file model.cif (mmCIF, C-alpha atoms and all ligand atoms)
data_structure
#
loop_
_atom_site.label_atom_id
_atom_site.label_comp_id
_atom_site.auth_asym_id
_atom_site.auth_seq_id
_atom_site.Cartn_x
_atom_site.Cartn_y
_atom_site.Cartn_z
CA MET A 1 -17.27 0.14 19.18
CA ARG A 2 -20.70 0.36 17.63
CA GLN A 3 -21.63 -2.33 15.13
CA CYS A 4 -24.81 -2.30 13.14
CA GLU A 5 -27.57 -4.75 13.91
CA GLY A 6 -28.31 -6.90 10.89
CA PHE A 7 -31.49 -8.57 9.72
CA TRP A 8 -29.73 -11.20 7.64
CA PRO A 9 -30.84 -14.82 8.00
CA ASP A 10 -28.38 -16.61 10.24
CA PRO A 11 -27.29 -19.73 8.33
CA HIS A 12 -26.95 -21.69 11.57
CA ARG A 13 -30.38 -20.64 12.73
CA LEU A 14 -31.82 -21.62 9.36
CA ASN A 15 -30.26 -25.04 9.75
CA THR A 16 -32.15 -25.55 12.99
CA TYR A 17 -35.51 -25.05 11.33
CA GLY A 18 -35.78 -28.51 9.88
CA PRO A 19 -34.00 -31.46 8.44
CA ASP A 20 -33.19 -29.59 5.23
CA ARG A 21 -31.88 -26.04 4.88
CA HIS A 22 -33.99 -25.45 1.79
CA GLY A 23 -37.23 -26.08 3.71
CA GLY A 24 -40.14 -23.65 4.01
CA ASP A 25 -38.60 -21.54 6.77
CA ALA A 26 -35.36 -21.01 4.85
CA ARG A 27 -37.33 -20.09 1.75
CA ARG A 28 -39.47 -17.64 3.71
CA ALA A 29 -36.39 -16.12 5.39
CA TRP A 30 -34.60 -15.48 2.10
CA THR A 31 -37.77 -14.18 0.46
CA GLU A 32 -38.25 -11.72 3.31
CA THR A 33 -34.60 -10.66 3.34
CA TYR A 34 -34.74 -10.06 -0.42
CA ARG A 35 -37.91 -7.98 0.01
CA ILE A 36 -36.37 -5.87 2.81
CA VAL A 37 -33.16 -5.13 0.90
CA ARG A 38 -34.94 -4.27 -2.34
CA ALA A 39 -37.39 -2.02 -0.47
CA GLU A 40 -34.50 -0.06 1.07
CA THR A 41 -33.25 0.85 -2.43
CA GLU A 42 -36.68 2.19 -3.31
CA ARG A 43 -36.92 4.05 0.01
CA ARG A 44 -33.65 5.85 -0.75
CA ALA A 45 -34.89 6.77 -4.24
CA ALA A 46 -38.37 7.83 -3.15
CA ALA A 47 -37.44 11.44 -2.33
CA LEU A 48 -35.91 12.00 -5.75
CA SER A 49 -37.68 13.25 -8.86
CA PRO A 50 -37.20 11.58 -12.27
CA GLU A 51 -34.88 14.49 -13.20
CA ASP A 52 -32.77 13.90 -10.06
CA GLN A 53 -32.48 10.23 -10.96
CA VAL A 54 -30.97 10.77 -14.43
CA VAL A 55 -28.05 13.06 -13.50
CA GLN A 56 -24.45 11.78 -13.56
CA SER A 57 -22.26 14.48 -12.02
CA MET A 58 -18.89 12.81 -12.76
CA PRO A 59 -17.59 9.56 -14.28
CA ASP A 60 -17.13 7.96 -10.80
CA ALA A 61 -20.77 8.55 -9.86
CA SER A 62 -23.82 6.93 -11.43
CA PRO A 63 -27.41 8.09 -11.86
CA ILE A 64 -29.86 6.88 -9.21
CA LYS A 65 -31.95 5.31 -11.97
CA TRP A 66 -28.91 3.36 -13.14
CA HIS A 67 -28.26 2.02 -9.60
CA ARG A 68 -31.87 0.81 -9.41
CA ALA A 69 -31.59 -0.92 -12.78
CA HIS A 70 -28.06 -2.31 -12.43
CA THR A 71 -28.82 -4.04 -9.09
CA THR A 72 -31.87 -5.58 -10.80
CA TRP A 73 -29.81 -6.73 -13.79
CA PHE A 74 -27.44 -8.43 -11.32
CA PHE A 75 -30.26 -10.73 -10.11
CA GLU A 76 -31.49 -11.29 -13.66
CA GLN A 77 -28.03 -12.13 -14.95
CA PHE A 78 -26.61 -14.20 -12.10
CA VAL A 79 -29.65 -15.72 -10.33
CA LEU A 80 -32.57 -15.95 -12.77
CA ALA A 81 -30.79 -16.71 -16.07
CA PRO A 82 -28.85 -19.73 -14.75
CA HIS A 83 -31.48 -21.06 -12.29
CA ALA A 84 -34.93 -20.29 -13.72
CA PRO A 85 -35.25 -21.91 -17.18
CA SER A 86 -38.72 -20.46 -17.81
CA TYR A 87 -37.69 -16.89 -16.88
CA ARG A 88 -38.44 -14.31 -19.58
CA VAL A 89 -35.75 -11.59 -19.77
CA TYR A 90 -37.50 -8.23 -19.30
CA ASP A 91 -35.68 -6.51 -22.18
CA PRO A 92 -32.67 -8.02 -23.97
CA GLY A 93 -31.21 -4.53 -24.46
CA PHE A 94 -30.92 -3.88 -20.72
CA ALA A 95 -27.88 -6.14 -20.27
CA PHE A 96 -25.82 -3.71 -22.38
CA LEU A 97 -27.13 -0.64 -20.51
CA PHE A 98 -26.90 -1.99 -16.96
CA ASN A 99 -23.90 -4.33 -16.86
CA SER A 100 -21.27 -2.39 -14.92
CA TYR A 101 -17.88 -4.04 -15.41
CA TYR A 102 -18.44 -7.80 -15.88
CA ILE A 103 -16.52 -8.56 -19.08
CA ASN A 104 -17.58 -12.21 -18.82
CA ALA A 105 -21.23 -11.12 -18.89
CA GLY A 106 -20.92 -9.40 -22.27
CA PRO A 107 -20.48 -5.91 -23.77
CA ARG A 108 -21.58 -2.88 -21.79
CA HIS A 109 -22.30 0.83 -22.07
CA SER A 110 -19.58 3.38 -21.40
CA ARG A 111 -19.50 4.25 -17.69
CA PRO A 112 -19.01 8.04 -18.07
CA LYS A 113 -22.07 8.17 -20.35
CA ARG A 114 -24.59 6.61 -17.99
CA GLY A 115 -26.18 10.01 -17.45
CA LEU A 116 -27.13 10.20 -21.13
CA VAL A 117 -29.50 7.24 -20.89
CA THR A 118 -32.77 9.15 -20.57
CA ARG A 119 -34.66 6.11 -21.93
CA PRO A 120 -35.72 3.70 -20.44
CA ASP A 121 -37.29 6.22 -18.10
CA VAL A 122 -37.74 5.95 -14.34
CA ALA A 123 -41.22 4.39 -14.63
CA GLU A 124 -39.83 1.70 -16.92
CA ILE A 125 -37.07 0.93 -14.42
CA ALA A 126 -39.71 0.53 -11.70
CA ARG A 127 -41.53 -2.01 -13.91
CA TYR A 128 -38.20 -3.81 -14.54
CA ARG A 129 -37.62 -4.07 -10.79
CA ALA A 130 -41.13 -5.43 -10.21
CA HIS A 131 -40.74 -7.99 -13.00
CA VAL A 132 -37.50 -9.33 -11.52
CA ASP A 133 -38.84 -9.22 -7.95
CA GLU A 134 -41.80 -11.36 -8.95
CA ALA A 135 -39.58 -13.88 -10.71
CA ILE A 136 -37.21 -14.12 -7.73
CA ALA A 137 -40.12 -14.69 -5.33
CA ARG A 138 -41.44 -17.44 -7.58
CA LEU A 139 -38.01 -19.05 -7.89
CA LEU A 140 -37.43 -19.01 -4.12
CA ALA A 141 -40.81 -20.68 -3.60
CA ASP A 142 -40.62 -23.27 -6.37
CA ALA A 143 -36.96 -24.17 -6.97
CA VAL A 144 -36.19 -27.82 -6.35
CA PRO A 145 -33.85 -28.30 -3.35
CA GLU A 146 -30.74 -28.81 -5.48
CA VAL A 147 -31.34 -25.58 -7.43
CA PHE A 148 -32.27 -23.69 -4.25
CA ASP A 149 -28.94 -24.69 -2.67
CA HIS A 150 -27.06 -23.39 -5.70
CA LEU A 151 -28.91 -20.12 -6.05
CA VAL A 152 -28.91 -18.95 -2.43
CA PRO A 153 -25.17 -18.11 -2.26
CA VAL A 154 -25.49 -16.02 -5.46
CA LEU A 155 -28.70 -14.38 -4.23
CA GLU A 156 -26.86 -13.47 -1.03
CA ILE A 157 -24.03 -11.82 -2.99
CA GLY A 158 -26.69 -9.96 -4.98
CA LEU A 159 -28.24 -8.60 -1.78
CA HIS A 160 -24.91 -7.42 -0.38
CA HIS A 161 -24.14 -5.96 -3.81
CA GLU A 162 -27.42 -4.04 -3.74
CA GLN A 163 -26.54 -2.67 -0.29
CA GLN A 164 -23.24 -1.38 -1.65
CA HIS A 165 -25.19 0.46 -4.32
CA GLN A 166 -27.59 1.83 -1.69
CA GLU A 167 -24.61 3.61 -0.12
CA LEU A 168 -23.50 4.87 -3.55
CA MET A 169 -27.01 6.21 -4.21
CA LEU A 170 -26.62 8.62 -1.28
CA THR A 171 -23.04 9.62 -2.03
CA ASP A 172 -23.72 10.03 -5.75
CA ILE A 173 -26.82 12.19 -5.26
CA LEU A 174 -24.94 14.25 -2.66
CA HIS A 175 -22.23 14.86 -5.26
CA ALA A 176 -24.83 15.76 -7.91
CA PHE A 177 -26.61 18.15 -5.55
CA SER A 178 -23.27 19.70 -4.51
CA ASP A 179 -22.84 20.74 -8.17
CA ASN A 180 -26.31 22.31 -8.24
CA PRO A 181 -26.10 26.06 -7.44
CA ALA A 182 -29.39 25.74 -5.54
CA LEU A 183 -27.70 23.24 -3.13
CA PRO A 184 -30.87 21.18 -2.64
CA ALA A 185 -31.42 18.99 0.41
CA TYR A 186 -31.91 15.26 -0.12
CA ASP A 187 -33.59 15.05 3.30
CA PRO A 188 -34.04 18.20 5.42
CA ASP A 189 -34.22 16.00 8.55
CA TRP A 190 -30.94 14.20 7.84
CA ARG A 191 -28.50 14.32 10.78
CA TRP A 192 -25.02 13.04 11.61
CA PRO A 193 -25.30 10.12 14.04
CA PRO A 194 -24.28 10.79 17.65
CA CYS A 195 -20.57 10.16 18.13
CA ALA A 196 -18.58 9.13 21.21
CA MET A 197 -15.57 11.35 20.56
CA HIS A 198 -13.42 10.75 23.63
CA HIS A 199 -10.48 12.91 22.74
CA ASN A 200 -6.84 12.05 23.22
CA ASP A 201 -7.62 8.54 24.28
CA TRP A 202 -5.34 5.91 22.77
CA CYS A 203 -5.31 2.14 22.90
CA GLU A 204 -2.05 0.27 23.02
CA LEU A 205 -1.46 -2.69 20.76
CA PRO A 206 1.59 -4.53 22.06
CA GLU A 207 3.60 -6.48 19.53
CA GLY A 208 1.91 -9.77 18.78
CA ILE A 209 0.71 -12.20 16.16
CA HIS A 210 -2.99 -11.86 15.36
CA THR A 211 -5.42 -13.54 12.99
CA VAL A 212 -7.10 -11.12 10.58
CA GLY A 213 -9.70 -11.64 7.87
CA HIS A 214 -13.11 -13.26 7.94
CA ARG A 215 -13.62 -16.48 9.82
CA GLY A 216 -16.60 -18.23 11.31
CA PRO A 217 -20.19 -18.21 10.06
CA GLY A 218 -21.90 -15.45 8.12
CA PHE A 219 -21.37 -13.80 4.78
CA CYS A 220 -18.19 -12.10 3.63
CA PHE A 221 -16.80 -10.97 0.31
CA ASP A 222 -13.94 -12.97 -1.15
CA ASN A 223 -11.47 -10.11 -0.56
CA GLU A 224 -11.76 -10.69 3.24
CA THR A 225 -10.33 -14.20 2.86
CA PRO A 226 -8.43 -16.25 3.63
CA ALA A 227 -8.00 -15.39 7.31
CA HIS A 228 -4.31 -15.38 8.11
CA ARG A 229 -1.82 -14.40 10.79
CA VAL A 230 0.00 -11.07 10.84
CA LEU A 231 2.48 -9.36 13.13
CA VAL A 232 0.96 -6.18 14.60
CA GLY A 233 2.43 -3.60 16.92
CA PRO A 234 3.74 -2.16 19.02
CA VAL A 235 1.50 0.76 18.08
CA ARG A 236 -1.02 3.12 19.67
CA ILE A 237 -4.27 3.77 17.83
CA ALA A 238 -6.69 6.64 18.50
CA ARG A 239 -10.05 5.65 19.96
CA ASN A 240 -11.64 8.66 18.29
CA LEU A 241 -12.04 9.92 14.75
CA VAL A 242 -10.34 13.17 13.70
CA THR A 243 -12.80 16.06 14.07
CA ASN A 244 -13.73 19.07 11.97
CA GLY A 245 -12.18 21.25 14.68
CA GLU A 246 -8.84 19.46 14.36
CA TRP A 247 -9.08 19.77 10.58
CA LEU A 248 -9.67 23.52 10.86
CA ALA A 249 -6.48 23.78 12.93
CA PHE A 250 -4.63 21.95 10.14
CA MET A 251 -6.05 24.41 7.60
CA ARG A 252 -5.20 27.47 9.72
CA ASP A 253 -1.63 26.17 10.02
CA GLY A 254 -1.36 26.20 6.22
CA GLY A 255 -1.90 22.46 5.85
CA TYR A 256 -3.04 22.75 2.24
CA ALA A 257 -0.13 25.07 1.32
CA ARG A 258 2.84 23.17 2.75
CA PRO A 259 4.26 20.71 0.21
CA GLU A 260 6.48 19.07 2.83
CA LEU A 261 3.36 17.52 4.35
CA TRP A 262 2.13 15.96 1.12
CA LEU A 263 2.85 12.94 -1.01
CA SER A 264 3.97 14.05 -4.48
CA ASP A 265 0.86 12.59 -6.15
CA GLY A 266 -1.25 14.19 -3.45
CA TRP A 267 0.28 17.63 -3.89
CA SER A 268 -0.22 17.59 -7.67
CA THR A 269 -3.80 16.37 -7.24
CA ALA A 270 -4.56 19.03 -4.62
CA GLU A 271 -3.05 21.72 -6.87
CA ALA A 272 -4.87 20.54 -9.99
CA ARG A 273 -8.22 20.40 -8.17
CA ALA A 274 -7.59 23.56 -6.11
CA TRP A 275 -8.28 21.79 -2.81
CA SER A 276 -8.12 24.07 0.22
CA ALA A 277 -10.66 22.32 2.48
CA PRO A 278 -12.52 18.98 2.66
CA GLY A 279 -15.07 18.18 -0.01
CA ASN A 280 -18.37 20.06 0.25
CA TRP A 281 -16.96 22.79 2.53
CA HIS A 282 -17.90 26.39 1.67
CA GLU A 283 -16.45 29.54 3.24
CA ILE A 284 -19.12 32.21 3.52
CA ASP A 285 -18.32 35.57 5.18
CA GLY A 286 -15.41 34.03 7.05
CA ASN A 287 -17.39 31.07 8.39
CA TRP A 288 -17.23 27.48 7.21
CA TYR A 289 -20.33 25.58 6.11
CA GLY A 290 -20.66 21.98 5.04
CA PHE A 291 -23.00 20.66 2.39
CA THR A 292 -24.58 17.40 3.49
CA LEU A 293 -27.71 15.41 2.71
CA ARG A 294 -29.71 18.00 4.69
CA GLY A 295 -28.34 20.92 2.71
CA LEU A 296 -25.90 23.60 3.84
CA SER A 297 -25.22 24.03 7.57
CA PRO A 298 -22.42 25.44 9.74
CA ILE A 299 -19.45 23.15 10.33
CA ASN A 300 -19.75 21.54 13.76
CA GLU A 301 -16.20 21.33 15.13
CA ALA A 302 -17.05 18.40 17.40
CA LEU A 303 -18.14 16.11 14.57
CA PRO A 304 -15.77 13.88 12.60
CA VAL A 305 -14.27 15.33 9.44
CA SER A 306 -15.61 13.75 6.26
CA HIS A 307 -15.16 13.90 2.48
CA ILE A 308 -11.39 13.83 2.55
CA SER A 309 -9.15 11.93 0.15
CA TYR A 310 -6.39 9.53 1.17
CA TYR A 311 -3.90 12.23 0.18
CA GLU A 312 -5.45 14.72 2.60
CA ALA A 313 -5.67 12.13 5.38
CA ASP A 314 -2.00 11.31 4.92
CA ALA A 315 -0.99 15.01 4.92
CA PHE A 316 -2.97 15.59 8.11
CA ALA A 317 -1.28 12.61 9.77
CA ARG A 318 2.16 13.98 8.82
CA TRP A 319 1.19 17.37 10.23
CA THR A 320 0.48 15.70 13.59
CA ALA A 321 3.75 13.68 13.34
CA LYS A 322 1.63 10.51 13.46
CA HIS A 323 0.43 8.15 10.74
CA LEU A 324 -2.65 6.35 9.47
CA PRO A 325 -3.14 2.88 10.96
CA SER A 326 -2.62 -0.12 8.73
CA GLU A 327 -5.78 -2.08 8.00
CA PHE A 328 -4.53 -4.83 10.32
CA GLU A 329 -3.83 -2.43 13.20
CA TRP A 330 -7.38 -1.15 12.70
CA GLU A 331 -8.88 -4.66 12.66
CA VAL A 332 -7.01 -5.88 15.74
CA ALA A 333 -8.05 -2.79 17.72
CA ALA A 334 -11.65 -3.08 16.48
CA ARG A 335 -11.88 -6.76 17.40
CA ALA A 336 -10.71 -5.81 20.91
CA GLY A 337 -13.53 -3.23 21.15
CA ASP A 338 -11.03 -0.38 21.43
CA LEU A 339 -12.39 1.92 18.69
CA ASP A 340 -15.16 4.48 19.16
CA ASP A 341 -17.28 5.24 16.11
CA GLY A 342 -15.63 2.48 14.12
CA PHE A 343 -18.90 1.87 12.27
CA GLY A 344 -21.73 4.00 10.96
CA VAL A 345 -20.08 7.44 10.87
CA VAL A 346 -17.25 7.70 8.28
CA TRP A 347 -15.12 5.12 6.50
CA GLN A 348 -11.58 5.38 7.79
CA TRP A 349 -8.62 5.52 5.42
CA THR A 350 -5.80 3.15 6.29
CA ARG A 351 -2.26 3.25 4.95
CA SER A 352 -2.71 -0.27 3.51
CA ALA A 353 -2.75 -0.77 -0.23
CA TYR A 354 -5.67 -2.85 -1.47
CA CYS A 355 -3.91 -6.13 -2.22
CA PRO A 356 -4.96 -9.79 -2.13
CA TYR A 357 -4.52 -11.65 1.12
CA PRO A 358 -1.99 -14.51 0.98
CA ALA A 359 -3.44 -17.46 -1.00
CA TYR A 360 -6.44 -15.35 -2.13
CA ARG A 361 -8.16 -16.75 -5.20
CA PRO A 362 -11.18 -15.10 -6.87
CA VAL A 363 -14.10 -17.42 -7.55
CA ALA A 364 -14.41 -18.87 -11.06
CA GLY A 365 -16.64 -17.20 -13.64
CA ALA A 366 -18.03 -13.70 -14.00
CA LEU A 367 -18.47 -13.16 -10.24
CA GLY A 368 -14.70 -13.60 -9.90
CA GLU A 369 -14.57 -10.08 -11.38
CA TYR A 370 -16.38 -8.67 -8.33
CA ASN A 371 -13.32 -7.71 -6.25
CA GLY A 372 -10.09 -9.35 -7.38
CA LYS A 373 -9.47 -7.40 -10.56
CA PHE A 374 -9.41 -4.10 -8.66
CA MET A 375 -6.50 -5.05 -6.41
CA VAL A 376 -4.02 -2.42 -7.60
CA ASN A 377 -3.53 1.33 -7.05
CA GLN A 378 -6.29 1.70 -4.43
CA MET A 379 -6.20 2.10 -0.65
CA VAL A 380 -8.21 0.19 1.98
CA LEU A 381 -10.82 1.88 4.17
CA ARG A 382 -12.22 0.16 7.24
CA GLY A 383 -15.41 0.49 9.30
CA SER A 384 -18.53 1.85 7.60
CA SER A 385 -20.28 5.19 7.15
CA VAL A 386 -23.54 6.94 7.95
CA ALA A 387 -24.65 6.01 4.41
CA THR A 388 -23.91 2.27 4.82
CA PRO A 389 -27.11 0.23 5.20
CA PRO A 390 -27.52 -1.39 8.64
CA GLY A 391 -26.14 -4.91 8.77
CA HIS A 392 -23.87 -4.52 5.75
CA ALA A 393 -20.40 -3.96 7.24
CA ARG A 394 -18.34 -6.09 9.62
CA VAL A 395 -14.98 -6.03 11.34
CA SER A 396 -13.16 -7.77 8.47
CA TYR A 397 -14.85 -5.66 5.73
CA ARG A 398 -12.43 -4.10 3.23
CA ASN A 399 -13.67 -1.07 1.34
CA PHE A 400 -11.34 0.43 -1.27
CA PHE A 401 -11.07 3.60 -3.29
CA TYR A 402 -8.50 5.46 -5.36
CA PRO A 403 -6.46 7.83 -3.18
CA ALA A 404 -7.91 10.98 -4.78
CA ALA A 405 -11.55 9.95 -4.18
CA ARG A 406 -13.45 12.07 -1.69
CA TRP A 407 -17.12 11.97 -2.61
CA GLN A 408 -17.75 9.15 -0.12
CA PHE A 409 -18.20 9.71 3.63
CA THR A 410 -14.48 9.25 4.32
CA GLY A 411 -12.50 10.34 7.36
CA LEU A 412 -9.63 9.09 9.47
CA ARG A 413 -8.27 8.11 12.85
CA LEU A 414 -4.59 8.36 13.75
CA ALA A 415 -1.96 5.93 14.98
CA GLU A 416 1.48 6.45 16.45
CA PHE A 417 4.45 4.37 17.41
CA PRO A 418 5.27 4.29 21.13
CA ASP A 419 8.40 6.16 22.23
FE FE A 501 -22.46 -3.18 -9.04
#

call {"tool": "encode", "arguments": {"input": "model.cif", "output": "structure tokens", "more": "lines below"}}
Ligand SMILES: [Fe+2]
result
Amino acid sequence: MRQCEGFWPDPHRLNTYGPDRHGGDARRAWTETYRIVRAETERRAAALSPEDQVVQSMPDASPIKWHRAHTTWFFEQFVLAPHAPSYRVYDPGFAFLFNSYYINAGPRHSRPKRGLVTRPDVAEIARYRAHVDEAIARLLADAVPEVFDHLVPVLEIGLHHEQQHQELMLTDILHAFSDNPALPAYDPDWRWPPCAMHHNDWCELPEGIHTVGHRGPGFCFDNETPAHRVLVGPVRIARNLVTNGEWLAFMRDGGYARPELWLSDGWSTAEARAWSAPGNWHEIDGNWYGFTLRGLSPINEALPVSHISYYEADAFARWTAKHLPSEFEWEVAARAGDLDDGFGVVWQWTRSAYCPYPAYRPVAGALGEYNGKFMVNQMVLRGSSVATPPGHARVSYRNFFYPAARWQFTGLRLAEFPD
């Protein structure tokens, strides 16, 4: 199982630097981490023109310019406003434009209309980012120890939040470009990562009680807690992801035209949206092509299938007479090192509904709205994707999307019950 190398400050290592964890080394480490994360957002936007950065191709996706501004507002709202009394808000009108869904943080612009915000323009958003970056650097250098201790946990959430938006920047611009008849390339040199793909190899999980969820040092989101014990198995879980070649076999066998394979909601969604192949697939002169961040290229049957909804993943699993693993089956197998391409290729749909763990409590205040209020009607995905920034995901990470969503890099691996 491949896991991404992170650059995050290790809280235990920071504690070894000196008698206090808000000393100069800790301050330098957080300042540098902040700089690296913020620079990655700009790197992902750098190839895009101002026109590219304004487009919103559907209500679920946001303009690149909005991602750059919203992640900045997050630091202004949750780090600078409460912890830097002398901070001057860049523009009081930005809170309305760039608050996403934090009801506690005040009124906000309509999500489906983010693409209509042509002003402030891209250059203004760059100045907004620089203004906030300067203020954060000053705060990290000058905050008294008590304030520093309070702001670092929120700053850390802000950095992980920005990384989530970095992934959305790539998936949202891919969706926008997929609706452009010219099918432009975001990066002509973009490639799928190399995959292990050992076919028909299964790992056995005998029945047993396992601890799942985040434990130990390091950051996690609240939805990964509390760690708790679950009964898992007996089950067999595929080491490999399902490939494009296997998906083509499903299609040739009428997979999209056989209602007995589909959930009722899935069938009506597939009918309404005229799905007959994964997202971004195009049939040209009898051959299949996929539209990716490098543009249009022939489907490689050896690579993992991507841009499928939960409904399609479930139908495929039924077609094979297997099922999707639960999120706990996935986590136990991943912790044992039994999954190939668990991270960095495609998020993997599980059959687990996105629900709170036992005794889960969101944190108090506006940041309690981060995860907890979305815990209904969505399904959990595990692992991470090619678009996920290095160091962001972990074995207990719970991603979640509505079952019809397929603009992310989403795929699947199978599970089956032993005979
Ligand atoms: Fe956000």

call {"tool": "closest_residue", "arguments": {"input": "model.cif", "among": "A:Asn371, A:Asn200, A:Ser309, A:Asn244", "to": "ligand FE 501 (chain A)", "atoms": "only C-alpha atoms and all ligand atoms"}}
result
A:Asn371

call {"tool": "atom_distance", "arguments": {"input": "model.cif", "atom1": "CA of Val332 (chain A)", "atom2": "CA of Asn377 (chain A)"}}
result
24.2 Å

call {"tool": "closest_residue", "arguments": {"input": "model.cif", "among": "A:Pro356, A:Glu246, A:Phe417, A:Val395", "to": "Gly337 (chain A)", "atoms": "all atoms listed in the file"}}
result
A:Val395

call {"tool": "closest_residue", "arguments": {"input": "model.cif", "among": "A:Thr118, A:Gln163, A:Thr410, A:Ser49", "to": "ligand FE 501 (chain A)", "atoms": "only C-alpha atoms and all ligand atoms"}}
result
A:Gln163

call {"tool": "residues_near_ligand", "arguments": {"input": "model.cif", "ligand": "ligand FE 501 (chain A)", "cutoff": "10 Å", "atoms": "all atoms listed in the file", "output": "VMD selection string"}}
result
chain A and resid 67 70 to 74 98 to 102 158 160 to 165 168 370

call {"tool": "residues_around", "arguments": {"input": "model.cif", "residues": "Arg43 (chain A)", "least_positions_apart": "5", "cutoff": "12 Å", "atoms": "only C-alpha atoms", "output": "list in words"}}
result
Ile36, Val37, Arg38, Leu48, Ile64, Arg68, Gln166, Met169, Leu170, Asp187 and Pro389 of chain A

call {"tool": "build_atoms", "arguments": {"input": "model.cif", "residues": "region 272-277 of chain A", "atoms": "all heavy atoms", "output": "mmCIF file, keeping the file's coordinate frame"}}
result
data_model
loop_
_atom_site.group_PDB
_atom_site.id
_atom_site.type_symbol
_atom_site.label_atom_id
_atom_site.label_comp_id
_atom_site.auth_asym_id
_atom_site.auth_seq_id
_atom_site.Cartn_x
_atom_site.Cartn_y
_atom_site.Cartn_z
ATOM 1 N N ALA A 272 -4.054 20.596 -8.773
ATOM 2 C CA ALA A 272 -4.870 20.540 -9.990
ATOM 3 C C ALA A 272 -6.346 20.762 -9.673
ATOM 4 O O ALA A 272 -7.079 21.348 -10.463
ATOM 5 C CB ALA A 272 -4.679 19.199 -10.694
ATOM 6 N N ARG A 273 -6.784 20.294 -8.510
ATOM 7 C CA ARG A 273 -8.220 20.400 -8.170
ATOM 8 C C ARG A 273 -8.511 21.569 -7.238
ATOM 9 O O ARG A 273 -9.639 21.711 -6.762
ATOM 10 C CB ARG A 273 -8.689 19.078 -7.545
ATOM 11 C CG ARG A 273 -8.446 17.900 -8.478
ATOM 12 C CD ARG A 273 -9.050 16.608 -7.987
ATOM 13 N NE ARG A 273 -8.650 15.495 -8.841
ATOM 14 C CZ ARG A 273 -9.143 14.267 -8.785
ATOM 15 N NH1 ARG A 273 -10.075 13.992 -7.897
ATOM 16 N NH2 ARG A 273 -8.711 13.317 -9.590
ATOM 17 N N ALA A 274 -7.444 22.356 -6.957
ATOM 18 C CA ALA A 274 -7.590 23.560 -6.110
ATOM 19 C C ALA A 274 -8.231 23.226 -4.762
ATOM 20 O O ALA A 274 -9.114 23.938 -4.282
ATOM 21 C CB ALA A 274 -8.398 24.628 -6.855
ATOM 22 N N TRP A 275 -7.754 22.144 -4.127
ATOM 23 C CA TRP A 275 -8.280 21.790 -2.810
ATOM 24 C C TRP A 275 -7.717 22.731 -1.741
ATOM 25 O O TRP A 275 -6.509 22.951 -1.664
ATOM 26 C CB TRP A 275 -7.867 20.367 -2.436
ATOM 27 C CG TRP A 275 -8.603 19.274 -3.172
ATOM 28 C CD1 TRP A 275 -9.740 19.396 -3.914
ATOM 29 C CD2 TRP A 275 -8.221 17.892 -3.234
ATOM 30 N NE1 TRP A 275 -10.097 18.167 -4.425
ATOM 31 C CE2 TRP A 275 -9.200 17.230 -4.026
ATOM 32 C CE3 TRP A 275 -7.165 17.143 -2.698
ATOM 33 C CZ2 TRP A 275 -9.142 15.852 -4.291
ATOM 34 C CZ3 TRP A 275 -7.109 15.790 -2.960
ATOM 35 C CH2 TRP A 275 -8.090 15.148 -3.751
ATOM 36 N N SER A 276 -8.590 23.276 -0.916
ATOM 37 C CA SER A 276 -8.120 24.070 0.220
ATOM 38 C C SER A 276 -8.923 23.730 1.472
ATOM 39 O O SER A 276 -8.757 24.356 2.523
ATOM 40 C CB SER A 276 -8.236 25.568 -0.083
ATOM 41 O OG SER A 276 -9.588 25.884 -0.378
ATOM 42 N N ALA A 277 -9.795 22.742 1.363
ATOM 43 C CA ALA A 277 -10.660 22.320 2.480
ATOM 44 C C ALA A 277 -11.255 20.970 2.071
ATOM 45 O O ALA A 277 -11.172 20.577 0.900
ATOM 46 C CB ALA A 277 -11.777 23.348 2.703
#
